[in-house]
Amino acid sequence: MATHLEEIAVRSASREEMIDVTTLVRAAVRRIGVEAGLAYIYCPHTTAGVTIQENADPDVRTDLLGHLARLIPQDAGFRHSEGNADAHIKASLVGSSQMVPLDGGKLCLGTWQAVFFCEFDGPRSRRLLVKVVAG
Amino acid sequence: MATHLEEIAVRSASREEMIDVTTLVRAAVRRIGVEAGLAYIYCPHTTAGVTIQENADPDVRTDLLGHLARLIPQDAGFRHSEGNADAHIKASLVGSSQMVPLDGGKLCLGTWQAVFFCEFDGPRSRRLLVKVVAG
Amino acid sequence: MATHLEEIAVRSASREEMIDVTTLVRAAVRRIGVEAGLAYIYCPHTTAGVTIQENADPDVRTDLLGHLARLIPQDAGFRHSEGNADAHIKASLVGSSQMVPLDGGKLCLGTWQAVFFCEFDGPRSRRLLVKVVAG
């Protein structure tokens with residue numbers, strides 16, 4: 001069963017930010033209209049990523065971004081001249097896509113899980129692609 | 001072709017642990033009964049993950065968990081008050097899902113590869129979801 | 001719709017290297033012959049991975065490999081006796097597979113994105129598996 005690609009617009013407000021896009025992903029999945037399979041969220045950018053994390057305590061996001069910045073500082077003598085080599089590295093470690101099981105029209109996220117767009121070189125206008133594979 | 005979601009129960013015995021779940025994943029895939037496509041393993045927890053690694057030498061697991069603990073110590077002045085911010089960060093770096101090609105009813109893992117549940121905040125009772133997309 | 005698994009041969013020339021395999025992935029997807037769905041690229045090795053990154057400036061690759069080597073040095077007192085524990089750890093962080101949306105027979109990569117095979121313990125002869133899930 002062929003489905004179309006959905007696109008989600010995301011606007012980040014700072015250089016590093018985790019934005020909960022779960023509601024937007026759910027709406028995109030509903031528009032696609034498949035009840036069961038896998039929901040796939042893809043980030044077409046090289047200085048941003050997607051992760052699945054806790055959305056209950058915002059400190060988790062602060063800790064995650066803060067510790068990544070300690071491990072991969074923006075100014076670590078990188079050769080890439082645009083000043084965002086750290087963002088590229090973080091993006092490759094967090095990953096550019098996630099998949100979530102879809103059952104009965106619902107994302108099978110765990111109790112504490114949400115889908116986050118990870119901005120590492122904002123603020124910018126970004127987009128995510130959402131696809132559903134039926135099955 | 002619609003298939004059901006399989007659930008695997010995992011019991012971790014220590015705070016950090018890599019548990020080889022390949023046999024359990026293979027059994028779940030067999031119960032689903034699809035011969036070819038992609039097998040998808042999903043971790044619905046935010047302080048645990050899934051990775052594909054070598055299962056021949058257990059030192060590889062010890063080194064992986066040990067080095068992650070050096071890079072992301074439990075007590076690094078995190079704000080999240082539950083004392084497991086490190087586990088959340090490790091989970092996002094390792095990732096919450098893996099996919100393995102399925103061909104002739106068999107997982108196409110490489111010679112040294114196995115599927116590991118990665119516990120970062122145990123001991124706990126955990127679960128994994130397994131789905132197969134035929135194709 | 002069942003499709004076959006395609007195999008791509010990759011030859012790395014140094015211990016650590018990011019090799020742009022986008023052209024090879026595109027050719028494999030064309031041979032599979034599906035117009036829409038998800039293209040899946042799998043690395044069956046435990047000391048190598050796959051990532052999606054920028055291919056415009058080669059310094060991004062140098063920075064990524066260089067910084068990973070600083071975070072995970074080859075000689076960090078690891079127990080694994082083969083001298084490549086660092087490669088195993090890097091492989092689990094970068095990940096063993098990637099998926100890219102496929103639409104109208106084309107990979108929906110972002111403007112600056114390419115698919116890279118990440119060698120962490122070369123030089124070696126390696127392989128990647130490519131599968132397409134129609135949908």
# chains A, B, ... in the order shown; residues from 1 in each chain; ligands from 1
>>> select_by_dssp(residues="chain B", states="alpha helix (DSSP H)", output="JSON, numbers by chain")
{"B": [22, 23, 24, 25, 26, 27, 28, 29, 30, 31, 32, 58, 59, 60, 61, 62, 63, 64, 65, 66, 67, 68, 69, 70, 71, 85, 86, 87, 88, 89, 90, 91, 92, 93, 94]}
>>> write_last_selection(atoms="N, CA and C atoms", output="compact mmCIF listing (two decimals), in the first residue's frame")
# COMPACT_ATOMS: atom_id res chain seq x y z
N THR B 22 19.32 -11.78 20.93
CA THR B 22 19.18 -12.29 19.56
C THR B 22 18.26 -13.51 19.48
N THR B 23 18.43 -14.44 20.41
CA THR B 23 17.60 -15.65 20.39
C THR B 23 16.13 -15.29 20.59
N LEU B 24 15.86 -14.34 21.48
CA LEU B 24 14.48 -13.90 21.73
C LEU B 24 13.91 -13.18 20.51
N VAL B 25 14.74 -12.38 19.84
CA VAL B 25 14.28 -11.67 18.64
C VAL B 25 13.97 -12.69 17.54
N ARG B 26 14.86 -13.67 17.38
CA ARG B 26 14.64 -14.71 16.36
C ARG B 26 13.32 -15.44 16.61
N ALA B 27 13.04 -15.77 17.87
CA ALA B 27 11.81 -16.48 18.21
C ALA B 27 10.59 -15.60 17.91
N ALA B 28 10.68 -14.31 18.22
CA ALA B 28 9.57 -13.40 17.95
C ALA B 28 9.31 -13.29 16.45
N VAL B 29 10.40 -13.22 15.68
CA VAL B 29 10.28 -13.13 14.22
C VAL B 29 9.63 -14.40 13.66
N ARG B 30 10.02 -15.55 14.23
CA ARG B 30 9.42 -16.82 13.79
C ARG B 30 7.92 -16.84 14.08
N ARG B 31 7.53 -16.33 15.27
CA ARG B 31 6.10 -16.32 15.61
C ARG B 31 5.31 -15.40 14.68
N ILE B 32 5.95 -14.32 14.23
CA ILE B 32 5.28 -13.40 13.30
C ILE B 32 5.09 -14.08 11.94
N PRO B 58 33.07 -11.09 25.52
CA PRO B 58 32.30 -10.26 26.45
C PRO B 58 33.04 -8.98 26.86
N ASP B 59 34.37 -8.93 26.66
CA ASP B 59 35.12 -7.71 26.97
C ASP B 59 34.65 -6.52 26.13
N VAL B 60 34.13 -6.79 24.94
CA VAL B 60 33.65 -5.69 24.10
C VAL B 60 32.53 -4.95 24.81
N ARG B 61 31.63 -5.72 25.45
CA ARG B 61 30.53 -5.11 26.19
C ARG B 61 31.02 -4.34 27.41
N THR B 62 31.98 -4.95 28.13
CA THR B 62 32.56 -4.29 29.31
C THR B 62 33.22 -2.98 28.90
N ASP B 63 33.97 -3.00 27.79
CA ASP B 63 34.64 -1.79 27.32
C ASP B 63 33.63 -0.73 26.90
N LEU B 64 32.58 -1.14 26.21
CA LEU B 64 31.58 -0.19 25.73
C LEU B 64 30.88 0.49 26.91
N LEU B 65 30.39 -0.32 27.85
CA LEU B 65 29.70 0.26 29.01
C LEU B 65 30.67 1.09 29.87
N GLY B 66 31.89 0.58 30.04
CA GLY B 66 32.88 1.29 30.85
C GLY B 66 33.26 2.63 30.24
N HIS B 67 33.45 2.66 28.92
CA HIS B 67 33.85 3.92 28.31
C HIS B 67 32.69 4.92 28.26
N LEU B 68 31.48 4.43 28.03
CA LEU B 68 30.31 5.33 28.09
C LEU B 68 30.21 5.96 29.49
N ALA B 69 30.50 5.16 30.52
CA ALA B 69 30.43 5.68 31.90
C ALA B 69 31.53 6.72 32.15
N ARG B 70 32.68 6.57 31.49
CA ARG B 70 33.72 7.59 31.62
C ARG B 70 33.32 8.87 30.90
N LEU B 71 32.70 8.73 29.72
CA LEU B 71 32.30 9.92 28.95
C LEU B 71 31.10 10.62 29.58
N ALA B 85 20.25 10.99 34.82
CA ALA B 85 20.41 11.79 33.60
C ALA B 85 21.40 11.11 32.65
N ASP B 86 22.47 10.53 33.22
CA ASP B 86 23.46 9.84 32.38
C ASP B 86 22.81 8.74 31.55
N ALA B 87 21.86 8.02 32.17
CA ALA B 87 21.19 6.92 31.47
C ALA B 87 20.36 7.44 30.29
N HIS B 88 19.69 8.58 30.49
CA HIS B 88 18.92 9.18 29.39
C HIS B 88 19.84 9.56 28.23
N ILE B 89 20.98 10.16 28.56
CA ILE B 89 21.91 10.60 27.51
C ILE B 89 22.46 9.39 26.74
N LYS B 90 22.88 8.37 27.48
CA LYS B 90 23.40 7.16 26.82
C LYS B 90 22.34 6.53 25.92
N ALA B 91 21.09 6.51 26.40
CA ALA B 91 20.01 5.92 25.60
C ALA B 91 19.84 6.65 24.27
N SER B 92 19.92 7.99 24.30
CA SER B 92 19.76 8.74 23.06
C SER B 92 20.94 8.55 22.12
N LEU B 93 22.13 8.29 22.66
CA LEU B 93 23.30 8.08 21.80
C LEU B 93 23.30 6.68 21.18
N VAL B 94 22.93 5.69 21.96
CA VAL B 94 22.90 4.31 21.45
C VAL B 94 21.69 4.12 20.54
>>> residues_around(residues="Tyr42 in chain A", least_positions_apart="2", cutoff="6 Å", atoms="only C-alpha atoms", output="PyMOL selection string")
chain A and resi 97+128-129
>>> write_last_selection(atoms="N, CA and C atoms", output="JSON list (two decimals), in the first residue's frame")
[["chain", "number", "residue", "atom", "x", "y", "z"],
["A", 97, "SER", "N", 17.19, 9.79, 11.89],
["A", 97, "SER", "CA", 15.82, 9.28, 11.79],
["A", 97, "SER", "C", 15.46, 8.40, 12.98],
["A", 128, "LEU", "N", 10.88, 18.18, 8.90],
["A", 128, "LEU", "CA", 10.99, 16.75, 9.11],
["A", 128, "LEU", "C", 10.08, 16.07, 8.09],
["A", 129, "LEU", "N", 10.47, 14.88, 7.65],
["A", 129, "LEU", "CA", 9.61, 14.09, 6.77],
["A", 129, "LEU", "C", 9.04, 12.92, 7.57]]
>>> closest_atom_pairs(of="chain B", to="chain A", cutoff="10 Å", atoms="only C-alpha atoms", output="CSV")
residue,atom,partner,partner_atom,distance
B:Met1,CA,A:Gly135,CA,5.3
B:Ala2,CA,A:Gly135,CA,4.1
B:Thr3,CA,A:Gly135,CA,5.7
B:His4,CA,A:Gly135,CA,8.4
B:Leu5,CA,A:Asp103,CA,8.0
B:Tyr40,CA,A:Pro101,CA,8.8
B:Ile41,CA,A:Pro101,CA,9.4
B:Tyr42,CA,A:Val100,CA,7.4
B:Cys43,CA,A:Gly110,CA,8.1
B:Pro44,CA,A:Gly110,CA,4.3
B:His45,CA,A:Gly110,CA,6.0
B:Thr46,CA,A:Gln53,CA,5.4
B:Thr47,CA,A:Gln53,CA,8.5
B:Leu71,CA,A:Leu71,CA,7.6
B:Ile72,CA,A:His67,CA,7.7
B:Ala76,CA,A:His67,CA,8.7
B:Gly77,CA,A:Asp63,CA,9.0
B:Phe78,CA,A:Asp63,CA,5.9
B:Arg79,CA,A:Asp59,CA,5.8
B:His80,CA,A:Asp59,CA,5.0
B:Ser81,CA,A:Asp59,CA,8.3
B:Glu82,CA,A:Val60,CA,9.9
B:Asn84,CA,A:Val60,CA,9.2
B:Ala85,CA,A:Val60,CA,6.3
B:Asp86,CA,A:Leu64,CA,8.3
B:His88,CA,A:Val60,CA,7.2
B:Ile89,CA,A:Leu64,CA,5.5
B:Lys90,CA,A:Leu64,CA,9.1
B:Ala91,CA,A:Gln53,CA,8.2
B:Ser92,CA,A:Thr51,CA,6.2
B:Leu93,CA,A:Val94,CA,5.4
B:Val94,CA,A:Val94,CA,8.0
B:Gly95,CA,A:Val94,CA,7.5
B:Ser96,CA,A:Ile52,CA,7.0
B:Ser97,CA,A:Met99,CA,7.2
B:Gln98,CA,A:Met99,CA,8.9
B:Met99,CA,A:Met99,CA,9.5
B:Arg127,CA,A:Gly110,CA,10.0
B:Leu129,CA,A:Pro101,CA,8.2
B:Val130,CA,A:Pro101,CA,8.8
B:Lys131,CA,A:Pro101,CA,7.5
B:Val132,CA,A:Gly135,CA,7.5
B:Val133,CA,A:Gly135,CA,5.4
B:Ala134,CA,A:Gly135,CA,6.8
B:Gly135,CA,A:Gly135,CA,9.5
>>> write_last_selection(atoms="N, CA and C atoms", output="CSV table (one decimal), in the first residue's frame")
chain,number,residue,atom,x,y,z
B,1,MET,N,0.9,-6.8,3.8
B,1,MET,CA,0.6,-7.8,4.7
B,1,MET,C,0.7,-7.4,6.2
B,2,ALA,N,-0.4,-7.4,6.9
B,2,ALA,CA,-0.3,-6.9,8.3
B,2,ALA,C,0.2,-8.0,9.2
B,3,THR,N,1.1,-7.6,10.1
B,3,THR,CA,1.6,-8.5,11.1
B,3,THR,C,1.4,-7.9,12.5
B,4,HIS,N,1.4,-8.7,13.5
B,4,HIS,CA,1.2,-8.2,14.9
B,4,HIS,C,2.5,-7.8,15.5
B,5,LEU,N,2.4,-7.0,16.5
B,5,LEU,CA,3.6,-6.6,17.3
B,5,LEU,C,3.9,-7.7,18.3
B,40,TYR,N,12.3,-5.3,13.0
B,40,TYR,CA,12.5,-4.0,13.7
B,40,TYR,C,12.4,-4.3,15.2
B,41,ILE,N,13.3,-3.8,16.0
B,41,ILE,CA,13.4,-4.0,17.5
B,41,ILE,C,13.3,-2.7,18.1
B,42,TYR,N,12.3,-2.5,18.9
B,42,TYR,CA,12.0,-1.1,19.5
B,42,TYR,C,12.1,-1.2,21.1
B,43,CYS,N,12.8,-0.2,21.7
B,43,CYS,CA,12.9,-0.1,23.1
B,43,CYS,C,12.0,1.0,23.6
B,44,PRO,N,10.9,0.7,24.3
B,44,PRO,CA,9.9,1.8,24.7
B,44,PRO,C,10.3,2.5,26.0
B,45,HIS,N,11.6,2.4,26.4
B,45,HIS,CA,12.1,3.0,27.6
B,45,HIS,C,13.1,4.2,27.3
B,46,THR,N,13.2,5.2,28.2
B,46,THR,CA,14.1,6.3,27.9
B,46,THR,C,15.4,6.3,28.6
B,47,THR,N,15.6,5.2,29.4
B,47,THR,CA,17.0,5.0,30.0
B,47,THR,C,17.6,3.7,29.6
B,71,LEU,N,32.7,8.7,29.7
B,71,LEU,CA,32.3,9.9,28.9
B,71,LEU,C,31.1,10.6,29.6
B,72,ILE,N,30.2,9.8,30.2
B,72,ILE,CA,29.0,10.4,30.7
B,72,ILE,C,28.8,9.8,32.1
B,76,ALA,N,27.6,14.0,37.2
B,76,ALA,CA,28.3,15.0,36.5
B,76,ALA,C,27.6,16.4,36.7
B,77,GLY,N,27.0,16.5,37.8
B,77,GLY,CA,26.3,17.8,38.1
B,77,GLY,C,25.1,18.0,37.3
B,78,PHE,N,24.4,16.9,37.0
B,78,PHE,CA,23.1,17.1,36.2
B,78,PHE,C,22.0,17.7,37.0
B,79,ARG,N,21.1,18.3,36.3
B,79,ARG,CA,19.9,18.9,37.0
B,79,ARG,C,18.8,18.0,37.2
B,80,HIS,N,18.6,17.0,36.3
B,80,HIS,CA,17.5,16.0,36.5
B,80,HIS,C,17.7,15.3,37.9
B,81,SER,N,16.6,15.4,38.7
B,81,SER,CA,16.8,15.0,40.1
B,81,SER,C,16.7,13.5,40.4
B,82,GLU,N,16.4,12.7,39.3
B,82,GLU,CA,16.3,11.3,39.6
B,82,GLU,C,17.6,10.5,39.6
B,84,ASN,N,19.5,9.8,37.2
B,84,ASN,CA,19.8,8.9,36.0
B,84,ASN,C,19.9,9.7,34.7
B,85,ALA,N,20.3,11.0,34.8
B,85,ALA,CA,20.4,11.8,33.6
B,85,ALA,C,21.4,11.1,32.6
B,86,ASP,N,22.5,10.5,33.2
B,86,ASP,CA,23.5,9.8,32.4
B,86,ASP,C,22.8,8.7,31.5
B,88,HIS,N,19.7,8.6,30.5
B,88,HIS,CA,18.9,9.2,29.4
B,88,HIS,C,19.8,9.6,28.2
B,89,ILE,N,21.0,10.2,28.6
B,89,ILE,CA,21.9,10.6,27.5
B,89,ILE,C,22.5,9.4,26.7
B,90,LYS,N,22.9,8.4,27.5
B,90,LYS,CA,23.4,7.2,26.8
B,90,LYS,C,22.3,6.5,25.9
B,91,ALA,N,21.1,6.5,26.4
B,91,ALA,CA,20.0,5.9,25.6
B,91,ALA,C,19.8,6.7,24.3
B,92,SER,N,19.9,8.0,24.3
B,92,SER,CA,19.8,8.7,23.1
B,92,SER,C,20.9,8.5,22.1
B,93,LEU,N,22.1,8.3,22.7
B,93,LEU,CA,23.3,8.1,21.8
B,93,LEU,C,23.3,6.7,21.2
B,94,VAL,N,22.9,5.7,22.0
B,94,VAL,CA,22.9,4.3,21.5
B,94,VAL,C,21.7,4.1,20.5
B,95,GLY,N,20.6,4.7,20.9
B,95,GLY,CA,19.4,4.7,20.0
B,95,GLY,C,18.3,3.7,20.6
B,96,SER,N,17.1,4.0,20.2
B,96,SER,CA,16.0,3.3,20.8
B,96,SER,C,15.5,2.2,19.9
B,97,SER,N,16.0,2.0,18.7
B,97,SER,CA,15.6,0.9,17.9
B,97,SER,C,16.7,0.5,16.9
B,98,GLN,N,16.6,-0.7,16.4
B,98,GLN,CA,17.5,-1.3,15.4
B,98,GLN,C,16.6,-2.0,14.4
B,99,MET,N,17.1,-2.1,13.1
B,99,MET,CA,16.5,-2.9,12.1
B,99,MET,C,17.5,-3.9,11.5
B,127,ARG,N,10.9,-4.2,28.5
B,127,ARG,CA,10.4,-5.0,27.4
B,127,ARG,C,10.8,-4.4,26.1
B,129,LEU,N,9.8,-4.3,21.8
B,129,LEU,CA,8.7,-4.7,20.8
B,129,LEU,C,9.4,-5.1,19.6
B,130,VAL,N,8.9,-6.1,18.9
B,130,VAL,CA,9.4,-6.6,17.7
B,130,VAL,C,8.4,-6.6,16.6
B,131,LYS,N,8.7,-6.0,15.5
B,131,LYS,CA,7.7,-5.9,14.3
B,131,LYS,C,8.5,-6.4,13.1
B,132,VAL,N,7.8,-7.0,12.2
B,132,VAL,CA,8.4,-7.3,10.9
B,132,VAL,C,7.6,-6.6,9.8
B,133,VAL,N,8.3,-5.9,8.9
B,133,VAL,CA,7.7,-5.3,7.7
B,133,VAL,C,8.1,-6.2,6.6
B,134,ALA,N,7.1,-6.8,6.0
B,134,ALA,CA,7.3,-7.7,4.8
B,134,ALA,C,7.8,-6.9,3.6
B,135,GLY,N,8.6,-7.5,2.8
B,135,GLY,CA,9.0,-6.7,1.6
B,135,GLY,C,10.2,-7.4,0.9
>>> residues_around(residues="Gly122 in chain C", least_positions_apart="5", cutoff="12 Å", atoms="only C-alpha atoms", output="ChimeraX atom specification")
/C:10-19,45-48,84,87,117
>>> write_last_selection(atoms="N, CA, C and O atoms", output="compact mmCIF listing (two decimals), in the first residue's frame")
# COMPACT_ATOMS: atom_id res chain seq x y z
N VAL C 10 32.58 -2.43 -0.35
CA VAL C 10 33.29 -1.20 -0.01
C VAL C 10 34.71 -1.59 0.39
O VAL C 10 34.91 -2.56 1.13
N ARG C 11 35.69 -0.84 -0.09
CA ARG C 11 37.09 -1.11 0.26
C ARG C 11 37.64 0.12 0.96
O ARG C 11 37.75 1.19 0.36
N SER C 12 37.94 -0.01 2.25
CA SER C 12 38.51 1.14 2.96
C SER C 12 40.03 1.13 2.81
O SER C 12 40.65 0.08 2.63
N ALA C 13 40.63 2.33 2.88
CA ALA C 13 42.06 2.47 2.61
C ALA C 13 42.86 2.84 3.85
O ALA C 13 44.09 2.85 3.81
N SER C 14 42.17 3.18 4.94
CA SER C 14 42.91 3.52 6.17
C SER C 14 42.13 3.03 7.39
O SER C 14 41.05 2.46 7.25
N ARG C 15 42.69 3.22 8.58
CA ARG C 15 42.02 2.69 9.78
C ARG C 15 40.67 3.35 9.99
O ARG C 15 39.69 2.70 10.31
N GLU C 16 40.64 4.70 9.83
CA GLU C 16 39.38 5.42 10.02
C GLU C 16 39.08 6.24 8.79
O GLU C 16 39.93 6.98 8.31
N GLU C 17 37.86 6.10 8.31
CA GLU C 17 37.56 6.72 7.01
C GLU C 17 36.05 6.79 6.83
O GLU C 17 35.34 5.85 7.19
N MET C 18 35.57 7.90 6.28
CA MET C 18 34.16 7.99 5.90
C MET C 18 34.09 7.97 4.38
O MET C 18 34.63 8.87 3.72
N ILE C 19 33.43 6.96 3.84
CA ILE C 19 33.37 6.79 2.38
C ILE C 19 31.95 7.08 1.90
O ILE C 19 30.99 6.46 2.35
N HIS C 45 28.90 -5.28 9.96
CA HIS C 45 30.17 -5.35 10.67
C HIS C 45 30.06 -4.66 12.03
O HIS C 45 29.26 -3.74 12.19
N THR C 46 30.89 -5.10 13.00
CA THR C 46 30.79 -4.54 14.36
C THR C 46 31.84 -3.47 14.64
O THR C 46 31.85 -2.90 15.73
N THR C 47 32.72 -3.21 13.68
CA THR C 47 33.70 -2.13 13.86
C THR C 47 33.59 -1.10 12.73
O THR C 47 34.56 -0.44 12.36
N ALA C 48 32.38 -0.99 12.18
CA ALA C 48 32.09 -0.01 11.14
C ALA C 48 30.62 0.36 11.26
O ALA C 48 29.85 -0.37 11.90
N ASN C 84 40.95 -3.06 19.07
CA ASN C 84 39.96 -2.27 18.32
C ASN C 84 38.67 -2.04 19.12
O ASN C 84 37.61 -1.84 18.53
N ALA C 87 36.90 0.99 18.08
CA ALA C 87 36.12 0.86 16.83
C ALA C 87 34.73 0.29 17.12
O ALA C 87 33.73 0.72 16.54
N PHE C 117 29.64 5.28 4.53
CA PHE C 117 30.13 4.11 5.25
C PHE C 117 31.23 4.61 6.18
O PHE C 117 32.14 5.33 5.75
>>> select_by_dssp(residues="chain A", states="strand (DSSP E or B)", output="VMD selection string")
chain A and resid 6 to 11 17 to 20 37 to 42 48 to 54 97 to 103 106 to 107 113 to 119 125 to 134
>>> write_last_selection(atoms="N, CA and C atoms", output="CSV table (one decimal), in the first residue's frame")
chain,number,residue,atom,x,y,z
A,6,GLU,N,4.7,12.9,4.3
A,6,GLU,CA,4.2,14.1,5.0
A,6,GLU,C,5.4,15.0,5.4
A,7,GLU,N,5.2,16.3,5.4
A,7,GLU,CA,6.3,17.2,5.8
A,7,GLU,C,5.8,18.0,7.0
A,8,ILE,N,6.7,18.1,8.0
A,8,ILE,CA,6.5,18.9,9.2
A,8,ILE,C,7.4,20.1,9.2
A,9,ALA,N,6.9,21.3,9.5
A,9,ALA,CA,7.8,22.5,9.6
A,9,ALA,C,8.1,22.7,11.1
A,10,VAL,N,9.4,22.9,11.3
A,10,VAL,CA,9.9,23.1,12.7
A,10,VAL,C,10.7,24.4,12.7
A,11,ARG,N,10.4,25.3,13.7
A,11,ARG,CA,11.2,26.5,13.9
A,11,ARG,C,11.9,26.5,15.2
A,17,GLU,N,18.6,23.0,20.9
A,17,GLU,CA,17.2,23.0,21.4
A,17,GLU,C,16.6,21.6,21.1
A,18,MET,N,15.9,21.0,22.0
A,18,MET,CA,15.1,19.8,21.7
A,18,MET,C,13.7,20.2,21.7
A,19,ILE,N,13.0,20.0,20.6
A,19,ILE,CA,11.6,20.4,20.4
A,19,ILE,C,10.7,19.2,20.3
A,20,ASP,N,9.8,19.1,21.2
A,20,ASP,CA,8.9,17.9,21.2
A,20,ASP,C,7.9,18.0,20.0
A,37,GLY,N,1.7,-0.6,11.3
A,37,GLY,CA,3.0,-0.6,10.6
A,37,GLY,C,4.1,0.1,11.4
A,38,LEU,N,4.9,0.8,10.7
A,38,LEU,CA,5.9,1.6,11.4
A,38,LEU,C,5.9,3.1,10.9
A,39,ALA,N,6.0,4.0,11.8
A,39,ALA,CA,6.0,5.4,11.5
A,39,ALA,C,7.5,5.8,11.5
A,40,TYR,N,7.9,6.5,10.5
A,40,TYR,CA,9.3,6.8,10.3
A,40,TYR,C,9.4,8.4,10.2
A,41,ILE,N,10.3,8.9,11.0
A,41,ILE,CA,10.5,10.4,11.1
A,41,ILE,C,12.0,10.7,10.6
A,42,TYR,N,12.1,11.5,9.6
A,42,TYR,CA,13.4,11.7,8.9
A,42,TYR,C,13.8,13.2,9.0
A,48,ALA,N,21.3,18.8,12.5
A,48,ALA,CA,20.1,18.5,13.4
A,48,ALA,C,19.8,17.1,13.4
A,49,GLY,N,19.0,16.6,14.3
A,49,GLY,CA,18.7,15.1,14.3
A,49,GLY,C,17.4,14.9,15.0
A,50,VAL,N,17.1,13.6,15.2
A,50,VAL,CA,15.8,13.2,15.8
A,50,VAL,C,16.1,12.2,16.9
A,51,THR,N,15.5,12.3,18.0
A,51,THR,CA,15.7,11.3,19.1
A,51,THR,C,14.4,11.1,19.8
A,52,ILE,N,14.3,10.0,20.5
A,52,ILE,CA,13.2,9.6,21.3
A,52,ILE,C,13.6,9.7,22.8
A,53,GLN,N,13.0,10.6,23.6
A,53,GLN,CA,13.4,10.8,25.0
A,53,GLN,C,12.2,11.1,25.8
A,54,GLU,N,12.5,11.3,27.1
A,54,GLU,CA,11.5,11.7,28.1
A,54,GLU,C,11.1,13.1,27.9
A,97,SER,N,17.2,9.8,11.9
A,97,SER,CA,15.8,9.3,11.8
A,97,SER,C,15.5,8.4,13.0
A,98,GLN,N,14.2,8.2,13.2
A,98,GLN,CA,13.7,7.3,14.2
A,98,GLN,C,12.4,6.6,13.6
A,99,MET,N,12.2,5.4,14.1
A,99,MET,CA,11.0,4.7,13.8
A,99,MET,C,10.2,4.3,15.0
A,100,VAL,N,8.9,4.4,14.9
A,100,VAL,CA,8.1,4.1,16.1
A,100,VAL,C,7.0,3.1,15.6
A,101,PRO,N,6.7,2.0,16.3
A,101,PRO,CA,5.7,1.1,15.9
A,101,PRO,C,4.3,1.8,15.9
A,102,LEU,N,3.5,1.4,15.0
A,102,LEU,CA,2.1,2.0,14.8
A,102,LEU,C,1.1,0.9,14.9
A,103,ASP,N,0.2,1.0,15.8
A,103,ASP,CA,-0.8,-0.1,16.1
A,103,ASP,C,-2.1,0.5,16.4
A,106,LYS,N,-2.3,4.2,16.4
A,106,LYS,CA,-1.6,5.0,17.5
A,106,LYS,C,-0.1,4.6,17.5
A,107,LEU,N,0.7,5.7,17.8
A,107,LEU,CA,2.1,5.4,18.0
A,107,LEU,C,2.3,4.7,19.3
A,113,GLN,N,7.9,8.4,26.7
A,113,GLN,CA,8.6,8.7,25.5
A,113,GLN,C,7.9,9.8,24.7
A,114,ALA,N,8.7,10.6,24.0
A,114,ALA,CA,8.2,11.6,23.1
A,114,ALA,C,9.3,11.7,21.9
A,115,VAL,N,8.9,12.2,20.8
A,115,VAL,CA,9.8,12.3,19.7
A,115,VAL,C,10.3,13.8,19.7
A,116,PHE,N,11.6,13.9,19.6
A,116,PHE,CA,12.2,15.3,19.7
A,116,PHE,C,13.0,15.6,18.4
A,117,PHE,N,12.8,16.8,17.9
A,117,PHE,CA,13.7,17.3,16.9
A,117,PHE,C,14.8,17.9,17.7
A,118,CYS,N,16.1,17.6,17.3
A,118,CYS,CA,17.2,18.1,18.0
A,118,CYS,C,17.9,19.1,17.1
A,119,GLU,N,17.8,20.4,17.5
A,119,GLU,CA,18.5,21.5,16.8
A,119,GLU,C,19.9,21.6,17.4
A,125,SER,N,14.7,27.7,10.4
A,125,SER,CA,13.5,27.0,9.9
A,125,SER,C,13.9,25.7,9.4
A,126,ARG,N,13.3,24.6,9.9
A,126,ARG,CA,13.7,23.3,9.6
A,126,ARG,C,12.5,22.5,9.1
A,127,ARG,N,12.7,21.2,8.7
A,127,ARG,CA,11.6,20.4,8.3
A,127,ARG,C,11.9,18.9,8.7
A,128,LEU,N,10.9,18.2,8.9
A,128,LEU,CA,11.0,16.7,9.1
A,128,LEU,C,10.1,16.1,8.1
A,129,LEU,N,10.5,14.9,7.6
A,129,LEU,CA,9.6,14.1,6.8
A,129,LEU,C,9.0,12.9,7.6
A,130,VAL,N,7.8,12.6,7.3
A,130,VAL,CA,7.1,11.5,8.0
A,130,VAL,C,6.6,10.6,7.0
A,131,LYS,N,6.9,9.3,7.2
A,131,LYS,CA,6.4,8.2,6.3
A,131,LYS,C,5.8,7.1,7.1
A,132,VAL,N,4.8,6.4,6.6
A,132,VAL,CA,4.3,5.2,7.3
A,132,VAL,C,4.5,4.0,6.3
A,133,VAL,N,5.1,3.0,6.9
A,133,VAL,CA,5.1,1.7,6.1
A,133,VAL,C,4.1,0.8,6.7
A,134,ALA,N,3.1,0.5,5.9
A,134,ALA,CA,2.0,-0.4,6.4
A,134,ALA,C,2.6,-1.8,6.6
>>> atom_distance(atom1="CA of Gly104 in chain C", atom2="CA of Val21 in chain C")
20.4 Å
